[in-house]
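Engineer: One structure, pasted below without further comment.
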Amino acid sequence: MTDDSAFLIDIDKIIREKASSKYGLIPKFVISYLKRIIHQDEINPFLKESKDKIGVDFLEATMEFLDVKLIVKGKENLPDGGLCTFVSNHPLGGQDGVALGYLLGRHYQGKIKYLVNDLLMNLHNLAPLFIPVNKTGSQSRQFPAMVKAGFSSDNHLIMFPAGLCSRRRKGVIRDLEWKKTFIVESVKSQRDVVPIYFEGRNSDFFYNLANASKWLGIKFNIAMLYLADEMFKNRHKTFTVTIGKPIPWQTFDSSKTASEWAQYVKDIVYELANEKNQ
């Protein structure tokens, strides 16, 4: 008989594993609240029902569960040959990752990988698509080797170079700084870079919470805890995805630093936002 618990979200278990020394000090009502904002009781029946779906098949089931529809523009820009690094803005933190993985995974017969926060490895159905990243924990020493392995693989890579989902600054919703990793590794592995703009936004509550946490100097990413809640707020919606022309890896020469090239690609992605209505 299959143990369904291996496929389910268990906040108690995650906290025990991630903060074992402090687990006993956490009030039960806090754990109950976390279960509620993460929608554990709503997500687990779906996970149980979809436990045999793996990789892109699971992403498709998730799209149906969330009732997400896509309008795709620039699909003709998806390369037919050669491995690529697909980079996108990260407005939602949930549906955008699922939708891009589904879109590109179906197009490339499942030959895709994400670089993701290692917490997402708890979603066992998607683990085959994930390269887990935890630059601040015990795994940090392995980070360069894991990234290198991903870029050396025969899979296309999907990256959100900001790391965090978009924030609102002075009324404008936009990614924070894009990290240079995708430039450095794409050049090393001779992968062209394909820019993608994903149209969407989270709630005012999310942006206000993220900004308040920053203002208070709280280092822990509290807003991340609410991404599942934001995902449920964004159910039954249609999102526009605009795919730009591939940027040859040879473009990223010594005329700019890798960080400057990352900003260059980020600007191209946001220019695609202006093309979506054309």
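Scheme for the structure tokens: letters A, B, ... for chains in order shown; per-chain residue numbers from 1; ligand numbers from 1 in order shown.
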Where does DSSP see alpha helix (DSSP H) in segment 55-269 of chain A, if you list the residues as a VMD selection string?
Structural biologist: chain A and resid 56 to 66 95 to 107 143 to 152 181 to 188 204 to 216 227 to 233 258 to 269
Engineer: Assign secondary structure with DSSP using the backbone only, and return the residues of segment 12-105 of chain A in strand (DSSP E) as a count of residues only.
Structural biologist: 10
Engineer: Extract, using only C-alpha atoms, all DNA, RNA and protein residues at most 7 Å from Val87 of chain A, discarding same-chain residues fewer than 3 positions from it, and format them as a list in words.
Structural biologist: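 Near Val87 of chain A, the qualifying residues are Ile158, Met159, Phe160, Pro161, Val194, Pro195 and Ile196 of chain A.
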Engineer: Let me see the file: selected residues, N, CA and C atoms, as a compact mmCIF listing (two decimals), in the first residue's frame.
Structural biologist:
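Writing the result to result31.txt gives the following:
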```txt
# COMPACT_ATOMS: atom_id res chain seq x y z
N ILE A 158 15.15 27.03 -16.91
CA ILE A 158 14.24 28.14 -16.65
C ILE A 158 14.73 28.84 -15.39
N MET A 159 14.96 30.14 -15.49
CA MET A 159 15.46 30.88 -14.33
C MET A 159 14.69 32.17 -14.12
N PHE A 160 14.53 32.51 -12.85
CA PHE A 160 14.02 33.82 -12.44
C PHE A 160 15.20 34.52 -11.77
N PRO A 161 15.98 35.30 -12.53
CA PRO A 161 17.26 35.80 -12.02
C PRO A 161 17.16 36.72 -10.80
N VAL A 194 16.91 33.32 -23.77
CA VAL A 194 15.61 33.70 -24.31
C VAL A 194 14.85 34.51 -23.25
N PRO A 195 14.58 35.80 -23.51
CA PRO A 195 13.87 36.64 -22.53
C PRO A 195 12.36 36.42 -22.60
N ILE A 196 11.73 36.38 -21.44
CA ILE A 196 10.28 36.18 -21.36
C ILE A 196 9.69 37.19 -20.38
```
Engineer: For Ser152 of chain A, which residue out of A:Val98, A:Thr85, A:Trp178, A:Tyr108 is the nearest one, using only C-alpha atoms?
Structural biologist: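 With only C-alpha atoms as the atom set, the closest residue is A:Thr85.
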Engineer: Choose the residue, out of A:Ala273, A:Gly97, A:Thr238, A:Asn211, that has the smallest atom-to-atom separation from Gly171 of chain A; count only C-alpha atoms.
Structural biologist: A:Asn211
Engineer: In Å, how far is it from atom CA of Val187 of chain A to atom CA of Asp154 of chain A?
Structural biologist: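 That distance, rounded to one decimal, is 15.5 Å.
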Engineer: Can you list, as a list of chain:residue names, every protein, DNA or RNA residue that comes within 6 Å of Gly74 of chain A when you count only C-alpha atoms, leaving out same-chain residues fewer than 3 positions away?
Structural biologist: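 The residues that qualify are A:Asn77, A:Thr242, A:Ile243.
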Engineer: Can I get the selected residues back with C-alpha atoms, as a PDB file, in the first residue's frame?
Structural biologist:
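Dumped to again36.pdb:
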```pdb
ATOM      1  CA  ASN A  77      10.733  32.856 -31.038  1.00  0.00           C
ATOM      2  CA  THR A 242       5.468  37.326 -24.221  1.00  0.00           C
ATOM      3  CA  ILE A 243       8.517  35.477 -25.559  1.00  0.00           C
TER       4      ILE A 243
END
```
Engineer: Segment 213-215 of chain A: which residues within 12 Å, counting only C-alpha atoms, same-chain residues fewer than 5 positions away excluded, as a list in words?
Structural biologist: Arg167, Arg168, Arg169, Phe206, Tyr207, Asn208, Phe220, Asn221, Ile222, Ala223 and Met224 of chain A
Engineer: Could you take the residues named above and write them with C-alpha atoms, as a PDB file, in the first residue's frame?
Structural biologist:
```pdb
ATOM      1  CA  ARG A 167       8.266  43.942  -5.293  1.00  0.00           C
ATOM      2  CA  ARG A 168       6.498  47.296  -5.472  1.00  0.00           C
ATOM      3  CA  ARG A 169       8.758  50.338  -5.261  1.00  0.00           C
ATOM      4  CA  PHE A 206       1.660  41.092  -0.274  1.00  0.00           C
ATOM      5  CA  TYR A 207       3.560  44.166  -1.468  1.00  0.00           C
ATOM      6  CA  ASN A 208       2.773  46.129   1.688  1.00  0.00           C
ATOM      7  CA  PHE A 220      13.617  36.618   7.018  1.00  0.00           C
ATOM      8  CA  ASN A 221      11.501  36.709   3.850  1.00  0.00           C
ATOM      9  CA  ILE A 222       8.102  36.794   5.566  1.00  0.00           C
ATOM     10  CA  ALA A 223       6.312  37.563   2.294  1.00  0.00           C
ATOM     11  CA  MET A 224       7.401  34.184   0.921  1.00  0.00           C
TER      12      MET A 224
END
```
